[in-house]
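What follows is the content of upload.tsv (TSV, C-alpha atoms).
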```tsv
chain	number	residue	atom	x	y	z
T	1	MET	CA	4.89	-3.73	-23.41
T	2	TYR	CA	7.64	-4.41	-20.90
T	3	ALA	CA	5.35	-4.09	-17.91
T	4	ARG	CA	4.44	-0.44	-18.36
T	5	ARG	CA	0.74	-1.21	-18.39
T	6	ALA	CA	1.03	-3.36	-15.30
T	7	ALA	CA	2.73	-0.49	-13.51
T	8	GLN	CA	-0.21	1.75	-14.47
T	9	LEU	CA	-2.58	-0.74	-12.83
T	10	LEU	CA	-0.60	-0.50	-9.63
T	11	GLN	CA	-0.45	3.31	-9.83
T	12	GLU	CA	-4.24	3.32	-9.95
T	13	LEU	CA	-4.38	1.14	-6.87
T	14	SER	CA	-1.84	3.09	-4.85
T	15	SER	CA	-3.42	6.46	-5.65
T	16	CYS	CA	-6.54	5.44	-3.74
T	17	GLU	CA	-6.85	6.23	-0.06
T	18	GLU	CA	-5.90	3.65	2.54
T	19	GLY	CA	-8.70	1.11	2.94
T	20	GLN	CA	-10.47	2.14	-0.28
T	21	LEU	CA	-10.46	0.40	-3.63
T	22	PRO	CA	-10.77	1.68	-7.18
T	23	PRO	CA	-13.16	-0.30	-9.42
T	24	TYR	CA	-11.67	-3.54	-10.69
T	25	ASN	CA	-9.93	-2.74	-13.95
T	26	GLY	CA	-10.65	-5.94	-15.85
T	27	ASP	CA	-9.67	-4.45	-19.21
T	28	LYS	CA	-6.17	-3.49	-18.20
T	29	PHE	CA	-5.73	-6.77	-16.38
T	30	ASP	CA	-6.58	-8.69	-19.55
T	31	GLN	CA	-4.30	-6.46	-21.60
T	32	VAL	CA	-1.39	-7.30	-19.29
T	33	ILE	CA	-2.14	-11.01	-19.68
T	34	ARG	CA	-2.17	-10.60	-23.46
T	35	GLU	CA	1.18	-8.81	-23.24
T	36	CYS	CA	2.55	-11.79	-21.32
T	37	GLU	CA	1.36	-14.09	-24.08
T	38	GLU	CA	3.10	-11.86	-26.65
T	39	HIS	CA	6.34	-11.97	-24.66
T	40	SER	CA	6.01	-15.74	-24.40
T	41	ARG	CA	5.57	-16.05	-28.18
T	42	GLN	CA	8.65	-13.91	-28.81
T	43	PHE	CA	10.56	-15.94	-26.25
T	44	GLN	CA	9.63	-19.22	-27.94
T	45	SER	CA	10.69	-17.92	-31.34
T	46	LEU	CA	14.08	-16.80	-29.99
T	47	ILE	CA	15.04	-20.00	-28.21
T	48	ARG	CA	13.82	-22.36	-30.90
T	49	ASP	CA	16.56	-24.69	-32.08
T	50	LYS	CA	19.18	-22.76	-30.18
T	51	ASP	CA	21.75	-24.09	-27.80
T	52	ILE	CA	20.89	-22.66	-24.38
T	53	GLU	CA	24.48	-22.28	-23.25
T	54	THR	CA	25.71	-19.90	-25.97
T	55	LYS	CA	25.25	-16.34	-24.84
T	56	ASN	CA	24.46	-14.69	-28.15
T	57	GLU	CA	22.03	-11.94	-29.01
T	58	ASP	CA	19.05	-14.28	-29.08
T	59	HIS	CA	19.87	-15.42	-25.59
T	60	TYR	CA	19.76	-11.89	-24.21
T	61	GLY	CA	16.64	-11.03	-26.15
T	62	SER	CA	14.85	-14.09	-24.80
T	63	PHE	CA	16.12	-13.24	-21.33
T	64	ILE	CA	14.55	-9.78	-21.55
T	65	HIS	CA	11.23	-11.31	-22.58
T	66	HIS	CA	11.45	-13.78	-19.71
T	67	LEU	CA	12.12	-10.96	-17.23
T	68	SER	CA	9.16	-9.00	-18.58
T	69	ILE	CA	6.85	-11.93	-17.99
T	70	ILE	CA	8.12	-12.34	-14.43
T	71	ARG	CA	7.68	-8.61	-13.82
T	72	ASN	CA	4.12	-8.61	-15.19
T	73	LYS	CA	3.34	-11.59	-12.97
T	74	ARG	CA	4.68	-9.75	-9.93
T	75	CYS	CA	2.58	-6.66	-10.71
T	76	LEU	CA	-0.62	-8.65	-11.23
T	77	MET	CA	-0.04	-10.72	-8.08
T	78	ALA	CA	0.56	-7.59	-6.03
T	79	TYR	CA	-2.62	-6.05	-7.49
T	80	MET	CA	-4.76	-9.04	-6.49
T	81	TYR	CA	-3.06	-9.38	-3.11
T	82	LYS	CA	-3.61	-5.74	-2.15
T	83	ARG	CA	-7.26	-5.88	-3.21
T	84	ALA	CA	-7.75	-9.11	-1.24
T	85	GLU	CA	-6.28	-7.43	1.86
T	86	VAL	CA	-8.69	-4.50	1.56
T	87	ILE	CA	-11.63	-6.87	1.02
T	88	GLN	CA	-10.69	-8.72	4.19
T	89	SER	CA	-10.60	-5.43	6.09
T	90	TYR	CA	-14.15	-4.70	4.87
T	91	ARG	CA	-15.48	-7.62	6.91
T	92	TRP	CA	-13.97	-6.12	10.05
T	93	ASN	CA	-14.68	-2.44	9.41
T	94	VAL	CA	-17.94	-2.48	7.48
T	95	GLY	CA	-19.69	-5.74	8.35
T	96	ARG	CA	-21.22	-8.76	6.75
T	97	VAL	CA	-23.24	-6.87	4.18
T	98	LEU	CA	-21.40	-4.55	1.81
T	99	PRO	CA	-23.09	-1.35	0.60
T	100	ARG	CA	-23.86	-1.04	-3.10
T	101	GLU	CA	-20.99	1.39	-3.90
T	102	ILE	CA	-18.41	-1.04	-2.59
T	103	GLN	CA	-19.97	-4.08	-4.27
T	104	ASP	CA	-19.84	-2.34	-7.64
T	105	LYS	CA	-16.08	-1.98	-7.34
T	106	LEU	CA	-15.47	-5.71	-6.91
T	107	ASN	CA	-15.50	-8.21	-9.72
T	108	PHE	CA	-17.34	-11.52	-9.45
T	109	SER	CA	-14.52	-13.61	-7.97
T	110	GLU	CA	-13.75	-10.88	-5.40
T	111	GLN	CA	-17.36	-10.95	-4.24
T	112	GLU	CA	-17.10	-14.74	-3.92
T	113	TYR	CA	-13.89	-14.27	-1.96
T	114	PHE	CA	-15.65	-11.91	0.42
T	115	LYS	CA	-18.52	-14.40	0.96
T	116	ASN	CA	-16.12	-17.26	1.64
T	117	TYR	CA	-14.02	-15.13	3.99
T	118	CYS	CA	-17.16	-14.14	5.94
T	119	SER	CA	-18.25	-17.76	6.26
T	120	VAL	CA	-14.78	-18.83	7.48
T	121	ILE	CA	-14.81	-16.08	10.12
T	122	ASP	CA	-18.37	-16.96	11.12
T	123	SER	CA	-17.63	-20.66	11.57
T	124	TYR	CA	-14.57	-19.78	13.66
T	125	MET	CA	-16.60	-17.43	15.84
T	126	LYS	CA	-19.28	-20.08	16.23
T	127	ASP	CA	-16.67	-22.53	17.52
T	128	LEU	CA	-15.48	-19.94	20.00
T	129	ASP	CA	-19.03	-18.81	20.77
T	130	LEU	CA	-17.74	-15.24	20.69
T	131	ASP	CA	-18.38	-12.36	18.31
T	132	LEU	CA	-14.92	-10.99	17.46
T	133	THR	CA	-16.10	-8.17	15.23
T	134	VAL	CA	-17.63	-6.01	17.97
T	135	ASP	CA	-15.65	-3.71	20.21
T	136	MET	CA	-12.75	-3.16	17.81
T	137	VAL	CA	-11.89	-0.14	19.96
T	138	PRO	CA	-12.02	-0.96	23.69
T	139	PRO	CA	-15.04	0.92	25.02
T	140	LYS	CA	-15.10	3.07	28.12
T	141	ASP	CA	-18.57	2.00	29.09
T	142	PRO	CA	-20.32	-1.30	28.44
T	143	TYR	CA	-23.65	0.47	27.91
T	144	ILE	CA	-24.47	3.04	25.27
T	145	ARG	CA	-27.41	5.26	24.47
T	146	VAL	CA	-28.72	4.83	20.95
T	147	ARG	CA	-31.30	6.37	18.70
T	148	VAL	CA	-32.95	4.16	16.11
T	149	LEU	CA	-32.80	5.64	12.60
T	150	SER	CA	-34.88	3.17	10.61
T	151	GLU	CA	-37.59	0.77	11.63
T	152	ILE	CA	-36.16	-2.54	12.82
T	153	GLY	CA	-39.03	-4.05	14.81
T	154	GLU	CA	-38.93	-6.55	17.64
T	155	VAL	CA	-35.48	-7.83	18.46
T	156	SER	CA	-34.62	-10.16	21.30
T	157	LEU	CA	-31.42	-9.08	23.01
T	158	GLY	CA	-30.24	-11.38	25.76
T	159	ASP	CA	-33.12	-12.23	28.01
T	160	HIS	CA	-35.63	-9.59	26.98
T	161	ALA	CA	-37.16	-8.35	23.75
T	162	VAL	CA	-36.87	-4.73	22.68
T	163	SER	CA	-39.11	-3.03	20.18
T	164	LEU	CA	-36.86	-0.90	17.97
T	165	THR	CA	-39.19	1.57	16.31
T	166	LYS	CA	-37.99	4.57	14.34
T	167	ASP	CA	-36.71	7.52	16.37
T	168	SER	CA	-36.88	5.70	19.66
T	169	PHE	CA	-34.14	5.93	22.26
T	170	HIS	CA	-32.69	2.94	24.05
T	171	PHE	CA	-29.99	2.17	26.56
T	172	LEU	CA	-28.36	-0.99	25.24
T	173	ARG	CA	-25.25	-3.06	25.74
T	174	ARG	CA	-22.55	-1.99	23.34
T	175	THR	CA	-22.10	-5.48	21.91
T	176	ASP	CA	-25.79	-5.68	21.02
T	177	ALA	CA	-25.94	-2.24	19.44
T	178	GLU	CA	-22.75	-2.41	17.35
T	179	PRO	CA	-24.03	-4.54	14.45
T	180	PHE	CA	-26.93	-2.14	13.96
T	181	ILE	CA	-24.69	0.93	14.19
T	182	SER	CA	-22.24	-0.39	11.59
T	183	GLN	CA	-25.11	-1.02	9.17
T	184	GLY	CA	-26.37	2.52	9.68
T	185	LEU	CA	-29.68	1.55	11.27
T	186	MET	CA	-28.89	3.14	14.62
T	187	GLU	CA	-26.71	5.94	15.82
T	188	GLU	CA	-25.03	6.64	19.10
T	189	PHE	CA	-26.75	9.39	21.00
T	190	ILE	CA	-24.20	11.79	22.49
T	191	GLU	CA	-25.51	14.56	24.64
R	1	MET	CA	13.46	-5.76	3.34
R	2	PRO	CA	10.79	-5.00	0.77
R	3	ASP	CA	8.66	-8.00	0.04
R	4	TYR	CA	7.30	-9.39	-3.21
R	5	TYR	CA	3.88	-7.80	-2.81
R	6	ASP	CA	5.08	-4.37	-1.69
R	7	ILE	CA	3.50	-1.93	-4.13
R	8	SER	CA	5.79	1.02	-3.45
R	9	ASP	CA	8.81	-1.21	-4.04
R	10	ILE	CA	7.35	-2.32	-7.39
R	11	LEU	CA	6.63	1.25	-8.43
R	12	MET	CA	10.10	2.33	-7.35
R	13	GLU	CA	11.68	-0.27	-9.61
R	14	ASP	CA	9.84	1.26	-12.55
R	15	GLU	CA	12.08	4.34	-12.52
R	16	ALA	CA	14.03	4.75	-15.73
R	17	VAL	CA	17.79	4.53	-15.87
R	18	SER	CA	20.05	5.05	-18.81
R	19	VAL	CA	22.12	2.00	-19.72
R	20	VAL	CA	24.76	1.10	-22.28
R	21	PHE	CA	24.45	-2.34	-23.77
R	22	HIS	CA	27.60	-4.48	-23.82
R	23	VAL	CA	25.91	-7.12	-25.96
R	24	GLY	CA	23.32	-7.13	-28.68
R	25	ALA	CA	19.83	-8.44	-28.05
R	26	ASN	CA	17.42	-9.72	-30.65
R	27	GLY	CA	13.68	-9.54	-30.71
R	28	VAL	CA	13.41	-6.63	-28.28
R	29	GLY	CA	13.33	-3.72	-30.67
R	30	LEU	CA	10.51	-2.02	-28.78
R	31	LEU	CA	12.98	-1.07	-26.07
R	32	ASP	CA	14.87	1.20	-28.40
R	33	PRO	CA	12.65	3.69	-30.21
R	34	GLY	CA	15.43	4.60	-32.63
R	35	THR	CA	16.09	1.16	-34.05
R	36	GLU	CA	14.86	-0.09	-37.41
R	37	THR	CA	15.50	-3.79	-36.95
R	38	ASN	CA	13.80	-5.65	-34.17
R	39	SER	CA	16.92	-5.71	-32.06
R	40	VAL	CA	19.21	-3.66	-29.89
R	41	GLU	CA	22.79	-3.13	-31.03
R	42	LYS	CA	25.84	-3.56	-28.91
R	43	GLY	CA	26.88	-0.19	-27.55
R	44	ALA	CA	23.41	1.32	-27.76
R	45	LYS	CA	22.38	3.78	-25.09
R	46	ILE	CA	18.80	3.19	-23.97
R	47	ASP	CA	16.51	4.10	-21.09
R	48	LEU	CA	15.33	0.98	-19.35
R	49	PRO	CA	13.14	0.55	-16.27
R	50	PHE	CA	15.24	-0.21	-13.23
R	51	TRP	CA	13.99	-3.78	-12.73
R	52	LEU	CA	15.26	-4.71	-16.18
R	53	ALA	CA	18.51	-2.79	-15.90
R	54	HIS	CA	19.24	-4.35	-12.51
R	55	GLU	CA	18.95	-7.93	-13.77
R	56	LEU	CA	20.89	-7.28	-16.95
R	57	CYS	CA	23.63	-5.50	-15.03
R	58	ARG	CA	23.99	-8.47	-12.71
R	59	ARG	CA	24.67	-10.63	-15.74
R	60	ARG	CA	27.06	-8.02	-17.13
R	61	ALA	CA	24.97	-7.42	-20.25
R	62	VAL	CA	24.70	-3.68	-19.64
R	63	SER	CA	26.30	-1.03	-17.54
R	64	ILE	CA	24.24	1.59	-15.79
R	65	THR	CA	25.06	5.27	-16.01
R	66	ILE	CA	24.31	7.32	-12.93
R	67	PRO	CA	21.00	9.12	-13.45
R	68	SER	CA	20.80	12.87	-13.15
R	69	CYS	CA	19.20	12.71	-9.72
R	70	PHE	CA	22.55	11.65	-8.26
R	71	GLY	CA	24.71	13.71	-10.58
R	72	GLN	CA	26.79	16.83	-10.18
R	73	LYS	CA	23.93	19.31	-10.47
R	74	MET	CA	22.03	17.57	-7.68
R	75	LYS	CA	25.11	17.55	-5.51
R	76	LYS	CA	25.47	21.30	-6.01
R	77	ASP	CA	21.80	21.88	-5.16
R	78	VAL	CA	22.13	19.88	-1.98
R	79	GLN	CA	25.27	21.77	-1.00
R	80	ALA	CA	23.46	25.06	-1.50
R	81	ASP	CA	20.33	24.24	0.48
R	82	ALA	CA	19.28	20.66	1.02
R	83	ALA	CA	15.89	21.44	2.45
R	84	CYS	CA	14.74	23.28	-0.67
R	85	VAL	CA	15.45	20.48	-3.10
R	86	ASP	CA	12.18	19.22	-4.52
R	87	LEU	CA	12.30	15.45	-4.11
R	88	GLY	CA	8.55	14.94	-3.90
R	89	THR	CA	7.70	15.82	-7.48
R	90	ARG	CA	10.92	14.94	-9.25
R	91	TYR	CA	12.32	11.90	-7.46
R	92	PRO	CA	9.86	10.54	-4.92
R	93	TYR	CA	11.87	7.34	-4.43
R	94	PHE	CA	15.19	9.15	-4.07
R	95	TYR	CA	16.63	7.27	-1.09
R	96	GLU	CA	15.45	3.74	-1.85
R	97	PHE	CA	16.44	4.06	-5.46
R	98	GLY	CA	19.85	5.31	-4.45
R	99	CYS	CA	20.33	2.42	-2.04
R	100	LYS	CA	19.49	-0.09	-4.75
R	101	LEU	CA	21.55	1.64	-7.41
R	102	PHE	CA	24.64	2.09	-5.29
R	103	PRO	CA	26.07	-1.47	-5.50
R	104	LEU	CA	25.52	-1.61	-9.26
R	105	VAL	CA	27.22	1.60	-10.21
R	106	GLY	CA	30.32	1.52	-8.08
R	107	ASP	CA	30.35	5.23	-7.32
R	108	LYS	CA	31.73	5.31	-3.81
R	109	SER	CA	30.61	8.85	-3.12
R	110	MET	CA	26.91	8.04	-3.52
R	111	GLY	CA	26.42	6.48	-0.09
R	112	PRO	CA	27.79	9.45	1.87
R	113	PHE	CA	25.92	11.79	-0.48
R	114	LEU	CA	22.57	10.12	0.32
R	115	ARG	CA	23.28	10.23	4.03
R	116	HIS	CA	24.32	13.87	3.92
R	117	THR	CA	21.17	14.85	1.98
R	118	PHE	CA	18.93	13.03	4.42
R	119	ALA	CA	20.66	14.48	7.48
R	120	SER	CA	20.44	18.07	6.19
R	121	ARG	CA	16.77	17.76	5.35
R	122	TYR	CA	15.91	15.97	8.55
R	123	LYS	CA	16.41	18.92	10.88
R	124	GLU	CA	13.85	21.14	9.20
R	125	MET	CA	11.44	18.28	8.69
R	126	LEU	CA	11.59	17.39	12.38
R	127	SER	CA	10.68	20.85	13.58
R	128	LYS	CA	7.96	21.37	10.96
R	129	SER	CA	6.31	18.00	11.56
R	130	HIS	CA	5.89	18.59	15.27
R	131	THR	CA	4.20	21.93	14.78
R	132	ALA	CA	2.10	21.19	11.70
R	133	SER	CA	-1.63	20.90	12.23
R	134	LEU	CA	-3.67	18.02	10.89
R	135	ASN	CA	-5.65	19.92	8.27
R	136	ALA	CA	-3.26	22.31	6.62
R	137	ILE	CA	-0.64	20.70	4.41
R	138	PRO	CA	2.44	22.88	4.50
R	139	LYS	CA	3.94	23.52	1.09
R	140	PHE	CA	7.20	21.90	2.04
R	141	VAL	CA	5.49	18.51	2.39
R	142	LEU	CA	5.21	18.38	-1.38
R	143	ARG	CA	8.98	18.50	-1.55
R	144	LEU	CA	9.45	15.37	0.56
R	145	SER	CA	10.28	11.99	-0.90
R	146	LYS	CA	8.07	9.01	-0.04
R	147	GLU	CA	10.27	7.78	2.82
R	148	GLU	CA	10.51	11.27	4.33
R	149	TYR	CA	6.77	11.67	3.99
R	150	GLN	CA	6.17	8.52	6.03
R	151	LEU	CA	8.40	9.88	8.80
R	152	PHE	CA	6.59	13.20	8.62
R	153	GLU	CA	3.19	11.54	8.93
R	154	ALA	CA	4.37	9.41	11.86
R	155	ALA	CA	5.60	12.51	13.71
R	156	ARG	CA	2.44	14.48	12.94
R	157	SER	CA	0.05	11.78	14.05
R	158	SER	CA	2.02	11.15	17.24
R	159	MET	CA	1.82	14.90	18.05
R	160	VAL	CA	-1.95	14.82	17.46
R	161	GLU	CA	-2.31	11.80	19.75
R	162	PHE	CA	-0.20	13.54	22.38
R	163	LYS	CA	-2.39	16.66	22.28
R	164	LYS	CA	-5.49	14.51	22.54
R	165	TRP	CA	-4.01	12.73	25.51
R	166	ARG	CA	-3.20	15.99	27.26
R	167	VAL	CA	-6.77	17.29	27.12
R	168	ARG	CA	-8.50	13.94	27.53
R	169	ASP	CA	-11.61	13.59	29.56
R	170	LEU	CA	-10.76	11.60	32.64
R	171	GLY	CA	-14.06	9.73	32.59
R	172	LEU	CA	-14.43	7.66	35.71
R	173	MET	CA	-16.30	4.41	35.49
R	174	LYS	CA	-19.19	4.61	37.88
R	175	THR	CA	-19.86	1.46	39.83
R	176	THR	CA	-23.48	0.45	40.12
R	177	ILE	CA	-23.17	-1.38	43.41
R	178	VAL	CA	-21.67	0.20	46.47
R	179	GLY	CA	-20.26	-2.58	48.59
R	180	HIS	CA	-19.89	-2.64	52.32
R	181	LYS	CA	-16.81	-0.91	53.50
R	182	ARG	CA	-14.72	-3.33	55.47
R	183	LYS	CA	-13.42	-2.00	58.71
R	184	THR	CA	-9.88	-3.04	59.24
R	185	ASP	CA	-9.03	-3.78	62.77
R	186	LEU	CA	-5.67	-2.43	63.64
R	187	HIS	CA	-4.66	-3.99	66.85
```

Spell out the structure here as structure tokens.
Amino acid sequence: MYARRAAQLLQELSSCEEGQLPPYNGDKFDQVIRECEEHSRQFQSLIRDKDIETKNEDHYGSFIHHLSIIRNKRCLMAYMYKRAEVIQSYRWNVGRVLPREIQDKLNFSEQEYFKNYCSVIDSYMKDLDLDLTVDMVPPKDPYIRVRVLSEIGEVSLGDHAVSLTKDSFHFLRRTDAEPFISQGLMEEFIE
Amino acid sequence: MPDYYDISDILMEDEAVSVVFHVGANGVGLLDPGTETNSVEKGAKIDLPFWLAHELCRRRAVSITIPSCFGQKMKKDVQADAACVDLGTRYPYFYEFGCKLFPLVGDKSMGPFLRHTFASRYKEMLSKSHTASLNAIPKFVLRLSKEEYQLFEAARSSMVEFKKWRVRDLGLMKTTIVGHKRKTDLH
């Protein structure tokens, strides 16, 4: 009660490393919501039939319950907001497809959020005709040597097609190679 | 200014402070473990989380007593050796909490005390942060409060960037086409 559980939720979130998420704690979230309902019930029973202006004991008790609800709301909102920020960063750092370990940490509506965010970004990039998610760090060289880790097959890059078989080496444009590198299908070959 | 969604601000406001109630309050017996009825008596001394104490104090329902982290013992410890005081484990939100508590308590010496503590600890922190390596965590880092730790990290990462810059590989971009050199006629 009195927002202690909500603070524990936030402790869990802040103890994770930057850019990582703990699994979505649906149980604690629901417990906090039930606590809010309890506070609301107590609040209703204290202000029933009372004159709001008189500052008696019931007034202060109901005020404390009201503050607890507001505090719980703030904690839950901050929890969702922080998780949403990290999910947004996944699109930029990880890519369009999330690996299994990350997907398991999101609940259903967060996965929906990620899909919708990706489609918004994609439609924006289509309007610009520019892929914004490559070259997050300005590269020194537009071309890069890569080694293919898993079989990809025939891919058409620009004006010619390249056959990306396993363990083959290629000299590609950085913008073409980046999507494959971020998915783990290729690696940069550094002498 | 800390914003609504700032998690460290929310966690900071969860710190407990001891308050004395000027009024009674019904229906909130859970706040006071020693009470039998479901209410808090006038004059009761209870530990409340700061967010609750702050709002009630503004409406003059309670008065806040200065917590031990700003009390006489702490002042003596800081006088003796400020850099050795362990803020990281005991009071990680020492400075921010003090800044928020200061207008509510009316203890005029608290502001200068906070500034003096920070200034004394800053000198050692400055020298250690510029020489610390990235992997080893010096023991004194555990003694820093959250705000000091952010400063420490900023200094450490800027030193690492500086070292990287000093030994960087001056890779020259090779041009693929060698153009004709224009002869300039100097008449």

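When all atoms listed in the file are used to compute distances to chain R, the closest of the residues T:Gln88, T:Ser40, T:Asn107, T:Ser14 turns out to be T:Ser14.
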
At a cut-off of 9 Å, list the chain T residues touching chain R, using all atoms listed in the file, as number ranges by chain. T: 1-4, 7, 10-11, 13-14, 42-43, 45-46, 56-65, 67-68, 71, 74-75, 77-79, 81-82, 140-141

Kindly indicate which residue among R:Gly111, R:Pro138, R:Gly106, R:Gly98 lies nearest to Ser68 in chain R, using only C-alpha atoms for the distances. R:Gly98

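CA of Leu98 in chain T sits 24.8 Å away from CA of Ile144 in chain T.
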
CA of Arg173 in chain T to CA of Arg145 in chain T, distance in Å rounded to a single decimal: 8.7 Å

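Residues within 9 Å of Asn93 in chain T, counting all atoms listed in the file and excluding same-chain residues fewer than 3 positions away, are T:Ser89, T:Tyr90, T:Thr133, T:Met136, T:Ser182.
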
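CA of Lys146 in chain R is positioned 17.0 Å from CA of Asp3 in chain R.
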
Please return, as number ranges by chain, all polymer residues that have at least one atom within 12 Å of the point (-17.3, -10.3, -4.1); use only C-alpha atoms and the file's own coordinate frame. T: 24, 83-84, 86-88, 90-91, 96-100, 102-118

Counting all atoms listed in the file, figure out which residue out of T:Met186, T:His170, T:Glu37, T:Pro23 gets nearest to Glu101 in chain T. T:Pro23

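Comparing the minimum interatomic distances between Pro103 in chain R and each of R:Val160, R:Ile66, R:Met12, R:Met125, counting only C-alpha atoms, we find that R:Ile66 sits nearest.
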
List as a VMD selection string the residues having at least one atom at most 8 Å from position (25.4, -0.4, -11.8) as given in the file, counting only C-alpha atoms. chain R and resid 54 57 63 to 66 101 to 106

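With all atoms listed in the file as the basis for measurement, R:Lys75 is the residue among R:Lys163, R:Lys75, R:Lys45, R:Arg58 that approaches His116 in chain R most closely.
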